[in-house]
$ cat upload.pdb   # PDB, C-alpha atoms
MODEL        1
ATOM      1  CA  MET F  62       0.000   0.000   0.000
ATOM      2  CA  GLY F  63       1.334   3.462  -0.901
ATOM      3  CA  ASN F  64       1.422   6.584   1.237
ATOM      4  CA  MET F  65      -2.006   7.794   2.383
ATOM      5  CA  SER F  66      -2.957  11.454   2.337
ATOM      6  CA  THR F  67      -6.094  13.561   2.790
ATOM      7  CA  GLY F  68      -7.469  16.399   0.725
ATOM      8  CA  ILE F  69     -10.509  18.113  -0.740
ATOM      9  CA  VAL F  70     -12.071  17.472  -4.149
ATOM     10  CA  VAL F  71     -11.734  20.754  -6.068
ATOM     11  CA  LYS F  72     -12.739  19.534  -9.528
ATOM     12  CA  ALA F  73     -15.001  16.762 -10.777
ATOM     13  CA  ALA F  74     -15.067  15.743 -14.443
ATOM     14  CA  GLY F  75     -16.648  12.394 -15.214
ATOM     15  CA  SER F  76     -14.755   9.720 -13.286
ATOM     16  CA  SER F  77     -11.677  11.907 -12.742
ATOM     17  CA  TYR F  78     -11.290  14.057  -9.648
ATOM     18  CA  THR F  79      -8.729  16.730  -8.796
ATOM     19  CA  VAL F  80      -7.839  16.662  -5.101
ATOM     20  CA  ARG F  81      -6.034  19.519  -3.325
ATOM     21  CA  ASP F  82      -3.809  17.985  -0.672
ATOM     22  CA  ALA F  83      -4.690  19.161   2.834
ATOM     23  CA  ALA F  84      -1.048  19.450   3.938
ATOM     24  CA  SER F  85       0.851  20.657   0.866
ATOM     25  CA  GLY F  86      -1.864  22.286  -1.247
ATOM     26  CA  ALA F  87      -0.633  20.280  -4.267
ATOM     27  CA  ARG F  88      -3.311  19.327  -6.787
ATOM     28  CA  ARG F  89      -3.456  15.703  -7.894
ATOM     29  CA  GLU F  90      -5.572  13.939 -10.511
ATOM     30  CA  CYS F  91      -7.197  10.927  -8.818
ATOM     31  CA  LYS F  92      -9.377   7.989  -9.775
ATOM     32  CA  VAL F  93     -11.906   6.318  -7.479
ATOM     33  CA  ARG F  94     -11.540   2.833  -6.092
ATOM     34  CA  GLY F  95     -14.391   0.656  -7.385
ATOM     35  CA  LYS F  96     -15.786  -0.194  -3.954
ATOM     36  CA  LEU F  97     -16.246   3.476  -3.129
ATOM     37  CA  ARG F  98     -18.123   3.981  -6.399
ATOM     38  CA  LEU F  99     -20.616   1.247  -5.479
ATOM     39  CA  ARG F 100     -21.280   2.297  -1.933
ATOM     40  CA  ASP F 101     -23.743   5.080  -2.787
ATOM     41  CA  VAL F 102     -25.661   3.605  -5.712
ATOM     42  CA  ARG F 103     -28.569   6.006  -5.330
ATOM     43  CA  THR F 104     -26.535   8.836  -6.839
ATOM     44  CA  THR F 105     -25.031   9.151 -10.279
ATOM     45  CA  ASN F 106     -21.756  10.474  -8.834
ATOM     46  CA  PRO F 107     -19.991   8.914  -5.825
ATOM     47  CA  LEU F 108     -17.987  12.069  -5.095
ATOM     48  CA  THR F 109     -18.509  15.765  -5.627
ATOM     49  CA  VAL F 110     -16.666  19.051  -5.291
ATOM     50  CA  GLY F 111     -16.172  19.918  -1.621
ATOM     51  CA  ASP F 112     -15.828  16.299  -0.472
ATOM     52  CA  MET F 113     -13.036  15.542   2.005
ATOM     53  CA  VAL F 114     -11.276  12.337   0.956
ATOM     54  CA  THR F 115      -8.408  10.009   1.775
ATOM     55  CA  TYR F 116      -6.267   9.019  -1.173
ATOM     56  CA  GLU F 117      -3.361   6.721  -1.841
ATOM     57  CA  LEU F 118      -0.332   8.109  -3.636
ATOM     58  CA  GLY F 119       1.083   6.118  -6.532
ATOM     59  CA  ASP F 120       1.552   6.308 -10.290
ATOM     60  CA  THR F 121      -2.174   7.062 -10.464
ATOM     61  CA  PRO F 122      -3.417   8.356  -7.093
ATOM     62  CA  VAL F 123      -6.582   6.545  -5.962
ATOM     63  CA  ILE F 124      -9.303   7.895  -3.654
ATOM     64  CA  THR F 125      -9.981   5.192  -1.071
ATOM     65  CA  ALA F 126     -12.333   6.809   1.465
ATOM     66  CA  LEU F 127     -14.875   9.621   1.772
ATOM     67  CA  ALA F 128     -15.205  11.552   5.049
ATOM     68  CA  PRO F 129     -18.747  12.124   6.410
ATOM     69  CA  ARG F 130     -20.342  15.152   4.730
ATOM     70  CA  ARG F 131     -21.320  18.139   6.885
ATOM     71  CA  ASN F 132     -24.020  18.844   4.304
ATOM     72  CA  TYR F 133     -24.685  18.482   0.587
ATOM     73  CA  ILE F 134     -27.205  19.556  -1.997
ATOM     74  CA  ILE F 135     -28.633  17.224  -4.608
ATOM     75  CA  ARG F 136     -31.062  17.331  -7.487
ATOM     76  CA  ARG F 137     -32.924  14.644  -9.355
ATOM     77  CA  ALA F 138     -30.648  13.210 -12.011
ATOM     78  CA  ALA F 139     -31.406  13.523 -15.693
ATOM     79  CA  ASN F 140     -30.340   9.883 -15.956
ATOM     80  CA  LEU F 141     -33.509   8.170 -14.748
ATOM     81  CA  SER F 142     -31.805   4.877 -13.925
ATOM     82  CA  LYS F 143     -30.204   6.511 -10.891
ATOM     83  CA  GLU F 144     -31.912   8.651  -8.309
ATOM     84  CA  ALA F 145     -29.937  11.826  -7.764
ATOM     85  CA  HIS F 146     -26.921  13.915  -8.627
ATOM     86  CA  VAL F 147     -24.915  15.418  -5.749
ATOM     87  CA  ILE F 148     -24.072  18.990  -6.793
ATOM     88  CA  ALA F 149     -21.678  19.937  -3.976
ATOM     89  CA  ALA F 150     -20.778  19.007  -0.408
ATOM     90  CA  ASN F 151     -19.565  20.764   2.752
ATOM     91  CA  ILE F 152     -20.713  24.219   1.661
ATOM     92  CA  ASP F 153     -21.429  27.255   3.835
ATOM     93  CA  GLN F 154     -23.988  28.896   1.566
ATOM     94  CA  THR F 155     -25.398  28.921  -1.937
ATOM     95  CA  PHE F 156     -26.038  31.779  -4.344
ATOM     96  CA  LEU F 157     -28.615  31.205  -7.057
ATOM     97  CA  VAL F 158     -27.715  33.337 -10.074
ATOM     98  CA  VAL F 159     -30.806  34.329 -12.075
ATOM     99  CA  THR F 160     -31.629  36.599 -15.009
ATOM    100  CA  VAL F 161     -35.025  38.000 -16.003
ATOM    101  CA  ASP F 162     -34.141  37.730 -19.696
ATOM    102  CA  ALA F 163     -31.559  36.248 -22.078
ATOM    103  CA  PRO F 164     -32.091  33.638 -20.675
ATOM    104  CA  PRO F 165     -35.156  34.052 -18.415
ATOM    105  CA  THR F 166     -35.127  32.106 -15.125
ATOM    106  CA  SER F 167     -38.596  30.821 -14.211
ATOM    107  CA  LEU F 168     -39.951  31.574 -10.747
ATOM    108  CA  GLU F 169     -40.789  27.890 -10.323
ATOM    109  CA  PHE F 170     -37.128  26.989 -10.872
ATOM    110  CA  ILE F 171     -36.118  29.561  -8.222
ATOM    111  CA  ASP F 172     -38.669  28.164  -5.773
ATOM    112  CA  ARG F 173     -37.558  24.569  -6.353
ATOM    113  CA  PHE F 174     -33.962  25.553  -5.730
ATOM    114  CA  LEU F 175     -34.765  27.553  -2.575
ATOM    115  CA  ALA F 176     -36.909  24.710  -1.189
ATOM    116  CA  SER F 177     -34.003  22.298  -1.719
ATOM    117  CA  ALA F 178     -31.585  24.662   0.012
ATOM    118  CA  GLU F 179     -34.028  24.938   2.953
ATOM    119  CA  ALA F 180     -34.403  21.145   3.063
ATOM    120  CA  TYR F 181     -30.626  20.730   3.347
ATOM    121  CA  SER F 182     -30.290  23.697   5.780
ATOM    122  CA  ILE F 183     -28.010  25.628   3.432
ATOM    123  CA  PRO F 184     -28.431  29.433   3.540
ATOM    124  CA  ALA F 185     -29.416  30.762   0.110
ATOM    125  CA  THR F 186     -29.093  34.180  -1.516
ATOM    126  CA  LEU F 187     -30.603  35.306  -4.817
ATOM    127  CA  LEU F 188     -28.305  37.091  -7.244
ATOM    128  CA  ILE F 189     -30.016  38.881 -10.151
ATOM    129  CA  ASN F 190     -27.288  39.271 -12.778
ATOM    130  CA  LYS F 191     -26.837  41.218 -16.056
ATOM    131  CA  ILE F 192     -28.568  44.371 -14.792
ATOM    132  CA  ASP F 193     -26.446  46.421 -17.233
ATOM    133  CA  LEU F 194     -28.534  44.905 -20.060
ATOM    134  CA  TYR F 195     -31.954  45.662 -18.563
ATOM    135  CA  ASP F 196     -34.230  48.311 -20.030
ATOM    136  CA  GLU F 197     -36.934  49.873 -17.860
ATOM    137  CA  ARG F 198     -39.367  46.965 -18.310
ATOM    138  CA  ARG F 199     -36.771  44.313 -17.431
ATOM    139  CA  MET F 200     -35.482  46.318 -14.475
ATOM    140  CA  ASP F 201     -39.071  46.572 -13.247
ATOM    141  CA  MET F 202     -39.313  42.760 -13.457
ATOM    142  CA  ALA F 203     -36.033  42.464 -11.513
ATOM    143  CA  LEU F 204     -37.307  44.816  -8.815
ATOM    144  CA  ARG F 205     -40.574  42.868  -8.504
ATOM    145  CA  MET F 206     -38.550  39.657  -8.160
ATOM    146  CA  GLU F 207     -36.401  41.312  -5.503
ATOM    147  CA  ASP F 208     -39.529  42.429  -3.595
ATOM    148  CA  THR F 209     -41.045  38.924  -3.690
ATOM    149  CA  TYR F 210     -38.005  37.200  -2.206
ATOM    150  CA  SER F 211     -36.727  39.878   0.162
ATOM    151  CA  ALA F 212     -40.254  39.992   1.684
ATOM    152  CA  ILE F 213     -39.805  36.386   2.845
ATOM    153  CA  GLY F 214     -36.330  36.939   4.239
ATOM    154  CA  TYR F 215     -33.965  36.097   1.393
ATOM    155  CA  ALA F 216     -31.062  38.424   0.663
ATOM    156  CA  VAL F 217     -31.260  39.594  -2.963
ATOM    157  CA  LEU F 218     -28.345  41.215  -4.823
ATOM    158  CA  LYS F 219     -28.428  42.837  -8.256
ATOM    159  CA  THR F 220     -25.169  42.598 -10.181
ATOM    160  CA  SER F 221     -23.456  43.012 -13.491
ATOM    161  CA  ALA F 222     -20.390  40.806 -13.596
ATOM    162  CA  THR F 223     -19.171  42.297 -16.878
ATOM    163  CA  ALA F 224     -19.850  46.003 -16.260
ATOM    164  CA  ALA F 225     -18.955  45.890 -12.528
ATOM    165  CA  LYS F 226     -22.276  47.560 -11.687
ATOM    166  CA  GLY F 227     -24.569  46.955  -8.757
ATOM    167  CA  ASP F 228     -23.737  44.953  -5.657
ATOM    168  CA  MET F 229     -20.416  43.347  -6.695
ATOM    169  CA  ASP F 230     -18.550  44.779  -3.656
ATOM    170  CA  ARG F 231     -21.294  43.596  -1.307
ATOM    171  CA  LEU F 232     -21.185  40.193  -3.016
ATOM    172  CA  LEU F 233     -17.475  39.803  -2.268
ATOM    173  CA  GLN F 234     -18.063  40.733   1.380
ATOM    174  CA  LEU F 235     -20.752  38.034   1.681
ATOM    175  CA  LEU F 236     -18.416  35.437   0.145
ATOM    176  CA  LEU F 237     -15.335  36.095   2.303
ATOM    177  CA  ASN F 238     -14.021  33.145   4.357
ATOM    178  CA  LYS F 239     -16.752  30.828   3.087
ATOM    179  CA  VAL F 240     -17.270  28.012   0.598
ATOM    180  CA  THR F 241     -20.123  29.113  -1.670
ATOM    181  CA  LEU F 242     -21.980  27.155  -4.338
ATOM    182  CA  LEU F 243     -22.937  29.236  -7.384
ATOM    183  CA  SER F 244     -25.859  27.702  -9.219
ATOM    184  CA  GLY F 245     -28.302  28.632 -11.945
ATOM    185  CA  ILE F 246     -29.431  27.702 -15.430
ATOM    186  CA  SER F 247     -26.964  27.947 -18.320
ATOM    187  CA  GLY F 248     -26.152  31.433 -19.559
ATOM    188  CA  VAL F 249     -26.942  33.471 -16.436
ATOM    189  CA  GLY F 250     -23.291  34.469 -15.980
ATOM    190  CA  LYS F 251     -21.908  32.278 -13.197
ATOM    191  CA  SER F 252     -18.475  32.010 -14.839
ATOM    192  CA  SER F 253     -18.438  35.760 -15.567
ATOM    193  CA  ILE F 254     -19.068  36.454 -11.874
ATOM    194  CA  ILE F 255     -16.167  34.181 -10.915
ATOM    195  CA  ASN F 256     -13.956  35.879 -13.538
ATOM    196  CA  ALA F 257     -14.883  39.308 -12.149
ATOM    197  CA  LEU F 258     -14.014  38.272  -8.578
ATOM    198  CA  SER F 259     -11.090  35.990  -9.272
ATOM    199  CA  PRO F 260      -7.462  37.088  -9.093
ATOM    200  CA  GLN F 261      -6.544  34.403 -11.640
ATOM    201  CA  PRO F 262      -8.650  35.006 -14.776
ATOM    202  CA  GLY F 263      -9.105  32.435 -17.471
ATOM    203  CA  LEU F 264     -12.303  30.490 -16.831
ATOM    204  CA  ARG F 265     -13.990  29.976 -20.154
ATOM    205  CA  VAL F 266     -17.053  32.163 -20.612
ATOM    206  CA  GLY F 267     -19.429  31.267 -23.427
ATOM    207  CA  GLU F 268     -21.509  33.438 -25.676
ATOM    208  CA  ILE F 269     -25.248  33.130 -25.253
ATOM    209  CA  SER F 270     -26.540  30.936 -28.050
ATOM    210  CA  GLY F 271     -29.449  32.291 -30.026
ATOM    211  CA  TYR F 272     -31.167  28.911 -29.876
ATOM    212  CA  HIS F 273     -34.195  29.459 -27.616
ATOM    213  CA  ASN F 274     -32.136  32.145 -25.861
ATOM    214  CA  ARG F 275     -30.566  29.431 -23.709
ATOM    215  CA  GLY F 276     -26.971  29.674 -22.692
ATOM    216  CA  LYS F 277     -24.619  27.103 -24.121
ATOM    217  CA  HIS F 278     -23.198  24.730 -21.553
ATOM    218  CA  THR F 279     -19.843  26.391 -20.988
ATOM    219  CA  THR F 280     -19.040  24.585 -17.725
ATOM    220  CA  ALA F 281     -19.004  20.857 -18.310
ATOM    221  CA  LEU F 282     -17.579  20.102 -14.889
ATOM    222  CA  SER F 283     -17.837  21.327 -11.314
ATOM    223  CA  GLU F 284     -14.873  23.227  -9.958
ATOM    224  CA  MET F 285     -13.868  25.029  -6.773
ATOM    225  CA  VAL F 286     -12.080  28.339  -7.400
ATOM    226  CA  GLU F 287     -10.252  30.372  -4.736
ATOM    227  CA  VAL F 288     -11.234  34.032  -5.288
ATOM    228  CA  ALA F 289      -9.607  35.405  -2.095
ATOM    229  CA  LYS F 290      -7.834  33.959   0.927
ATOM    230  CA  ASP F 291      -9.983  31.145   2.419
ATOM    231  CA  THR F 292     -12.784  32.182   0.044
ATOM    232  CA  TYR F 293     -13.986  29.573  -2.440
ATOM    233  CA  LEU F 294     -16.638  29.532  -5.130
ATOM    234  CA  ILE F 295     -17.951  26.293  -6.598
ATOM    235  CA  ASP F 296     -18.989  26.716 -10.224
ATOM    236  CA  THR F 297     -21.390  24.060 -11.505
ATOM    237  CA  PRO F 298     -22.738  23.139 -14.917
ATOM    238  CA  GLY F 299     -25.860  25.091 -15.832
ATOM    239  CA  ILE F 300     -28.892  23.069 -14.865
ATOM    240  CA  LYS F 301     -32.125  23.091 -16.858
ATOM    241  CA  GLY F 302     -34.398  21.703 -14.173
ATOM    242  CA  PHE F 303     -34.256  21.217 -10.451
ATOM    243  CA  GLY F 304     -36.138  18.082  -9.444
ATOM    244  CA  LEU F 305     -36.476  17.609  -5.723
ATOM    245  CA  VAL F 306     -35.293  14.419  -4.070
ATOM    246  CA  ASP F 307     -36.309  12.858  -0.765
ATOM    247  CA  ILE F 308     -38.879  15.513   0.140
ATOM    248  CA  ARG F 309     -42.219  14.018   1.135
ATOM    249  CA  PRO F 310     -45.393  15.952   0.229
ATOM    250  CA  GLN F 311     -46.277  16.500   3.893
ATOM    251  CA  GLU F 312     -42.852  18.119   4.476
ATOM    252  CA  LEU F 313     -42.817  20.424   1.464
ATOM    253  CA  SER F 314     -44.564  23.351   3.164
ATOM    254  CA  HIS F 315     -41.766  23.431   5.783
ATOM    255  CA  TYR F 316     -39.387  24.580   3.046
ATOM    256  CA  PHE F 317     -41.503  27.537   1.905
ATOM    257  CA  ARG F 318     -40.829  29.988   4.731
ATOM    258  CA  GLU F 319     -43.961  32.111   4.394
ATOM    259  CA  ILE F 320     -46.264  29.098   3.889
ATOM    260  CA  PHE F 321     -44.796  27.404   6.965
ATOM    261  CA  ALA F 322     -45.279  30.592   9.018
ATOM    262  CA  ALA F 323     -48.944  30.918   7.984
ATOM    263  CA  SER F 324     -49.714  27.202   8.412
ATOM    264  CA  SER F 325     -49.816  27.460  12.216
ATOM    265  CA  ARG F 326     -53.152  29.283  11.784
ATOM    266  CA  CYS F 327     -54.744  26.564   9.605
ATOM    267  CA  ARG F 328     -57.859  24.877  11.057
ATOM    268  CA  PHE F 329     -56.441  21.360  10.623
ATOM    269  CA  ASN F 330     -53.101  19.937  11.651
ATOM    270  CA  GLY F 331     -51.436  18.430   8.608
ATOM    271  CA  CYS F 332     -53.247  20.827   6.253
ATOM    272  CA  THR F 333     -51.750  20.462   2.778
ATOM    273  CA  HIS F 334     -52.933  23.990   1.798
ATOM    274  CA  VAL F 335     -54.481  22.603  -1.359
ATOM    275  CA  ARG F 336     -58.177  21.987  -0.682
ATOM    276  CA  GLU F 337     -58.890  21.840   3.072
ATOM    277  CA  PRO F 338     -61.387  24.283   4.616
ATOM    278  CA  GLY F 339     -60.069  26.868   7.069
ATOM    279  CA  CYS F 340     -56.651  27.031   5.370
ATOM    280  CA  ALA F 341     -54.758  30.126   6.508
ATOM    281  CA  VAL F 342     -52.275  29.773   3.647
ATOM    282  CA  ARG F 343     -54.891  30.032   0.883
ATOM    283  CA  SER F 344     -56.475  32.907   2.790
ATOM    284  CA  ALA F 345     -53.091  34.697   2.872
ATOM    285  CA  VAL F 346     -52.698  34.158  -0.890
ATOM    286  CA  ARG F 347     -56.140  35.692  -1.491
ATOM    287  CA  GLY F 348     -55.243  38.572   0.826
ATOM    288  CA  GLY F 349     -51.964  39.237  -1.007
ATOM    289  CA  SER F 350     -49.572  38.532   1.877
ATOM    290  CA  ILE F 351     -48.316  35.339   0.178
ATOM    291  CA  SER F 352     -47.243  35.676  -3.445
ATOM    292  CA  GLU F 353     -49.547  33.933  -5.939
ATOM    293  CA  ALA F 354     -46.502  32.846  -7.960
ATOM    294  CA  ARG F 355     -44.864  31.235  -4.921
ATOM    295  CA  TYR F 356     -48.107  29.448  -4.040
ATOM    296  CA  ALA F 357     -48.422  28.250  -7.662
ATOM    297  CA  SER F 358     -44.873  26.796  -7.409
ATOM    298  CA  TYR F 359     -45.834  25.054  -4.167
ATOM    299  CA  ARG F 360     -48.952  23.531  -5.782
ATOM    300  CA  LYS F 361     -46.948  22.267  -8.780
ATOM    301  CA  MET F 362     -44.302  20.758  -6.534
ATOM    302  CA  MET F 363     -46.986  19.085  -4.382
ATOM    303  CA  ALA F 364     -48.523  17.544  -7.506
ATOM    304  CA  SER F 365     -45.069  16.333  -8.660
ATOM    305  CA  SER F 366     -44.188  14.818  -5.300
ATOM    306  CA  GLU F 367     -47.563  13.127  -4.897
ATOM    307  CA  ASP F 368     -47.233  11.317  -8.208
ATOM    308  CA  GLY F 369     -43.833  10.021  -7.098
ATOM    309  CA  LYS F 370     -41.834  12.095  -9.526
ATOM    310  CA  TYR F 371     -39.522  13.528  -6.865
ATOM    311  CA  ARG F 372     -39.749  10.848  -4.212
ATOM    312  CA  ARG F 373     -37.339   8.071  -3.504
TER
ENDMDL
END
$ encode --input "upload.pdb" --output "structure tokens"
Amino acid sequence: MGNMSTGIVVKAAGSSYTVRDAASGARRECKVRGKLRLRDVRTTNPLTVGDMVTYELGDTPVITALAPRRNYIIRRAANLSKEAHVIAANIDQTFLVVTVDAPPTSLEFIDRFLASAEAYSIPATLLINKIDLYDERRMDMALRMEDTYSAIGYAVLKTSATAAKGDMDRLLQLLLNKVTLLSGISGVGKSSIINALSPQPGLRVGEISGYHNRGKHTTALSEMVEVAKDTYLIDTPGIKGFGLVDIRPQELSHYFREIFAASSRCRFNGCTHVREPGCAVRSAVRGGSISEARYASYRKMMASSEDGKYRR
């Protein structure tokens, strides 16, 4: 057996992982021992960026053990033969990068992501990017989005990674001394944000493709980038959908902050806020204190989870 060492996975590309050694800081390309790959068959990937691992040095270093995860965030895998894809592990917070246009981010996608972050107890912030491109109508949409989410307690920043406008300085302050997952659909500017903050430029940033106004997939792998001392950003491939995993229908309302707060006033314990009489949540929607769009997302997610689409 060769020398054993520990480190953190800083890059994941297919079955190859780059590990930064805990002691020396050296980066090493590692493979995974077969047994480790089989242990967690419910996920499409046995390891993810942020994982702490033990590896064996040799001609080809081999990862032999995975340390317990402090937390992780997963989504339903596109590959239906497996259950889930682990996006990142051992993170302090997540920033969801969204755009109101070119490409538009749907409110349902935002709500799915935020519910997942709540379910895994990972603090989430909304980052509305590309504000330099917004005319009055689009800026009005951005401000309405900001109002909706700041009203329920989420921090919302408005940025332009390329024109250095908006809350870029505040963004850096919120990132300092933390490991942060940047997520969002393709084309919203995650890599541009990292380029703007990073002392070592050179991440590839893709042009928006005209096809359906979707961004091209410019990040085919997940990678952890150090943007300041002890400050790390995890860039992930753009994701088209965010299917929830392991959230039972009766738990879903716990992960919508404002619905959970109102539910204590419902007539029945275990109210699903869909059709029961005396539901305080539906009353709050009618009264305007809970956003109709957020409630619509909740209803869609309830329907999905009840038909087994997002359940184990």
$ closest_residue --input "upload.pdb" --among "F:Ile171, F:Leu235, F:Cys91, F:Met229" --to "Ala74 in chain F" --atoms "all atoms listed in the file"
F:Cys91
$ residues_near_point --input "upload.pdb" --point "(-31.5, 34.2, -5.5)" --cutoff "10 Å" --atoms "all atoms listed in the file" --output "list in words"
Thr155, Phe156, Leu157, Val158, Val159, Thr160, Ile171, Asp172, Phe174, Leu175, Ala185, Thr186, Leu187, Leu188, Ile189, Asn190, Met206, Glu207, Tyr210, Ser211, Tyr215, Ala216, Val217, Leu218, Lys219, Ser244 and Gly245 of chain F
$ write_last_selection --input "upload.pdb" --atoms "C-alpha atoms" --output "short mmCIF file (atom, residue, chain, number, x, y, z; two decimals), keeping the file's coordinate frame"
data_model
loop_
_atom_site.label_atom_id
_atom_site.label_comp_id
_atom_site.auth_asym_id
_atom_site.auth_seq_id
_atom_site.Cartn_x
_atom_site.Cartn_y
_atom_site.Cartn_z
CA THR F 155 -25.40 28.92 -1.94
CA PHE F 156 -26.04 31.78 -4.34
CA LEU F 157 -28.62 31.20 -7.06
CA VAL F 158 -27.72 33.34 -10.07
CA VAL F 159 -30.81 34.33 -12.08
CA THR F 160 -31.63 36.60 -15.01
CA ILE F 171 -36.12 29.56 -8.22
CA ASP F 172 -38.67 28.16 -5.77
CA PHE F 174 -33.96 25.55 -5.73
CA LEU F 175 -34.76 27.55 -2.58
CA ALA F 185 -29.42 30.76 0.11
CA THR F 186 -29.09 34.18 -1.52
CA LEU F 187 -30.60 35.31 -4.82
CA LEU F 188 -28.30 37.09 -7.24
CA ILE F 189 -30.02 38.88 -10.15
CA ASN F 190 -27.29 39.27 -12.78
CA MET F 206 -38.55 39.66 -8.16
CA GLU F 207 -36.40 41.31 -5.50
CA TYR F 210 -38.01 37.20 -2.21
CA SER F 211 -36.73 39.88 0.16
CA TYR F 215 -33.97 36.10 1.39
CA ALA F 216 -31.06 38.42 0.66
CA VAL F 217 -31.26 39.59 -2.96
CA LEU F 218 -28.34 41.22 -4.82
CA LYS F 219 -28.43 42.84 -8.26
CA SER F 244 -25.86 27.70 -9.22
CA GLY F 245 -28.30 28.63 -11.94
#
$ resolve_selection --input "upload.pdb" --expression "the PyMOL selection byres ((chain F and resi 236-241) around 8)" --output "list in words"
Asn151, Ile152, Asp153, Gln154, Thr155, Phe156, Leu232, Leu233, Gln234, Leu235, Leu242, Leu243, Ala289, Lys290, Asp291, Thr292, Tyr293, Leu294 and Ile295 of chain F
$ resolve_selection --input "upload.pdb" --expression "the PyMOL selection byres ((chain F and resi 181) around 9)" --output "list of chain:residue names"
F:Asn132, F:Tyr133, F:Ile134, F:Ile135, F:Ala176, F:Ser177, F:Ala178, F:Glu179, F:Ala180, F:Ser182, F:Ile183, F:Pro184
$ resolve_selection --input "upload.pdb" --expression "the PyMOL selection byres ((chain F and resi 350-360) around 12)" --output "PDB file with C-alpha atoms, keeping the file's coordinate frame"
ATOM      1  CA  SER F 167     -38.596  30.821 -14.211  1.00  0.00           C
ATOM      2  CA  LEU F 168     -39.951  31.574 -10.747  1.00  0.00           C
ATOM      3  CA  GLU F 169     -40.789  27.890 -10.323  1.00  0.00           C
ATOM      4  CA  PHE F 170     -37.128  26.989 -10.872  1.00  0.00           C
ATOM      5  CA  ILE F 171     -36.118  29.561  -8.222  1.00  0.00           C
ATOM      6  CA  ASP F 172     -38.669  28.164  -5.773  1.00  0.00           C
ATOM      7  CA  ARG F 173     -37.558  24.569  -6.353  1.00  0.00           C
ATOM      8  CA  PHE F 174     -33.962  25.553  -5.730  1.00  0.00           C
ATOM      9  CA  LEU F 175     -34.765  27.553  -2.575  1.00  0.00           C
ATOM     10  CA  ALA F 176     -36.909  24.710  -1.189  1.00  0.00           C
ATOM     11  CA  ARG F 205     -40.574  42.868  -8.504  1.00  0.00           C
ATOM     12  CA  MET F 206     -38.550  39.657  -8.160  1.00  0.00           C
ATOM     13  CA  ASP F 208     -39.529  42.429  -3.595  1.00  0.00           C
ATOM     14  CA  THR F 209     -41.045  38.924  -3.690  1.00  0.00           C
ATOM     15  CA  TYR F 210     -38.005  37.200  -2.206  1.00  0.00           C
ATOM     16  CA  SER F 211     -36.727  39.878   0.162  1.00  0.00           C
ATOM     17  CA  ALA F 212     -40.254  39.992   1.684  1.00  0.00           C
ATOM     18  CA  ILE F 213     -39.805  36.386   2.845  1.00  0.00           C
ATOM     19  CA  PRO F 310     -45.393  15.952   0.229  1.00  0.00           C
ATOM     20  CA  GLN F 311     -46.277  16.500   3.893  1.00  0.00           C
ATOM     21  CA  GLU F 312     -42.852  18.119   4.476  1.00  0.00           C
ATOM     22  CA  LEU F 313     -42.817  20.424   1.464  1.00  0.00           C
ATOM     23  CA  SER F 314     -44.564  23.351   3.164  1.00  0.00           C
ATOM     24  CA  HIS F 315     -41.766  23.431   5.783  1.00  0.00           C
ATOM     25  CA  TYR F 316     -39.387  24.580   3.046  1.00  0.00           C
ATOM     26  CA  PHE F 317     -41.503  27.537   1.905  1.00  0.00           C
ATOM     27  CA  ARG F 318     -40.829  29.988   4.731  1.00  0.00           C
ATOM     28  CA  GLU F 319     -43.961  32.111   4.394  1.00  0.00           C
ATOM     29  CA  ILE F 320     -46.264  29.098   3.889  1.00  0.00           C
ATOM     30  CA  PHE F 321     -44.796  27.404   6.965  1.00  0.00           C
ATOM     31  CA  ALA F 322     -45.279  30.592   9.018  1.00  0.00           C
ATOM     32  CA  ALA F 323     -48.944  30.918   7.984  1.00  0.00           C
ATOM     33  CA  SER F 324     -49.714  27.202   8.412  1.00  0.00           C
ATOM     34  CA  THR F 333     -51.750  20.462   2.778  1.00  0.00           C
ATOM     35  CA  HIS F 334     -52.933  23.990   1.798  1.00  0.00           C
ATOM     36  CA  VAL F 335     -54.481  22.603  -1.359  1.00  0.00           C
ATOM     37  CA  ARG F 336     -58.177  21.987  -0.682  1.00  0.00           C
ATOM     38  CA  ALA F 341     -54.758  30.126   6.508  1.00  0.00           C
ATOM     39  CA  VAL F 342     -52.275  29.773   3.647  1.00  0.00           C
ATOM     40  CA  ARG F 343     -54.891  30.032   0.883  1.00  0.00           C
ATOM     41  CA  SER F 344     -56.475  32.907   2.790  1.00  0.00           C
ATOM     42  CA  ALA F 345     -53.091  34.697   2.872  1.00  0.00           C
ATOM     43  CA  VAL F 346     -52.698  34.158  -0.890  1.00  0.00           C
ATOM     44  CA  ARG F 347     -56.140  35.692  -1.491  1.00  0.00           C
ATOM     45  CA  GLY F 348     -55.243  38.572   0.826  1.00  0.00           C
ATOM     46  CA  GLY F 349     -51.964  39.237  -1.007  1.00  0.00           C
ATOM     47  CA  LYS F 361     -46.948  22.267  -8.780  1.00  0.00           C
ATOM     48  CA  MET F 362     -44.302  20.758  -6.534  1.00  0.00           C
ATOM     49  CA  MET F 363     -46.986  19.085  -4.382  1.00  0.00           C
ATOM     50  CA  ALA F 364     -48.523  17.544  -7.506  1.00  0.00           C
ATOM     51  CA  SER F 365     -45.069  16.333  -8.660  1.00  0.00           C
ATOM     52  CA  SER F 366     -44.188  14.818  -5.300  1.00  0.00           C
ATOM     53  CA  GLU F 367     -47.563  13.127  -4.897  1.00  0.00           C
TER      54      GLU F 367
END
$ closest_residue --input "upload.pdb" --among "F:Leu282, F:Ile148, F:Ala163, F:Cys327" --to "Gly248 in chain F" --atoms "only C-alpha atoms"
F:Ala163
$ axis_aligned_box --input "upload.pdb" --around "range 224-242 of chain F" --padding-each-side "6 Å" --output "JSON"
{"center_x": -19.3, "center_y": 37.4, "center_z": -6.0, "size_x": 22.5, "size_y": 32.4, "size_z": 32.6}
$ closest_residue --input "upload.pdb" --among "F:Arg326, F:Lys191, F:His146, F:Arg198" --to "Pro164 in chain F" --atoms "all atoms listed in the file"
F:Lys191
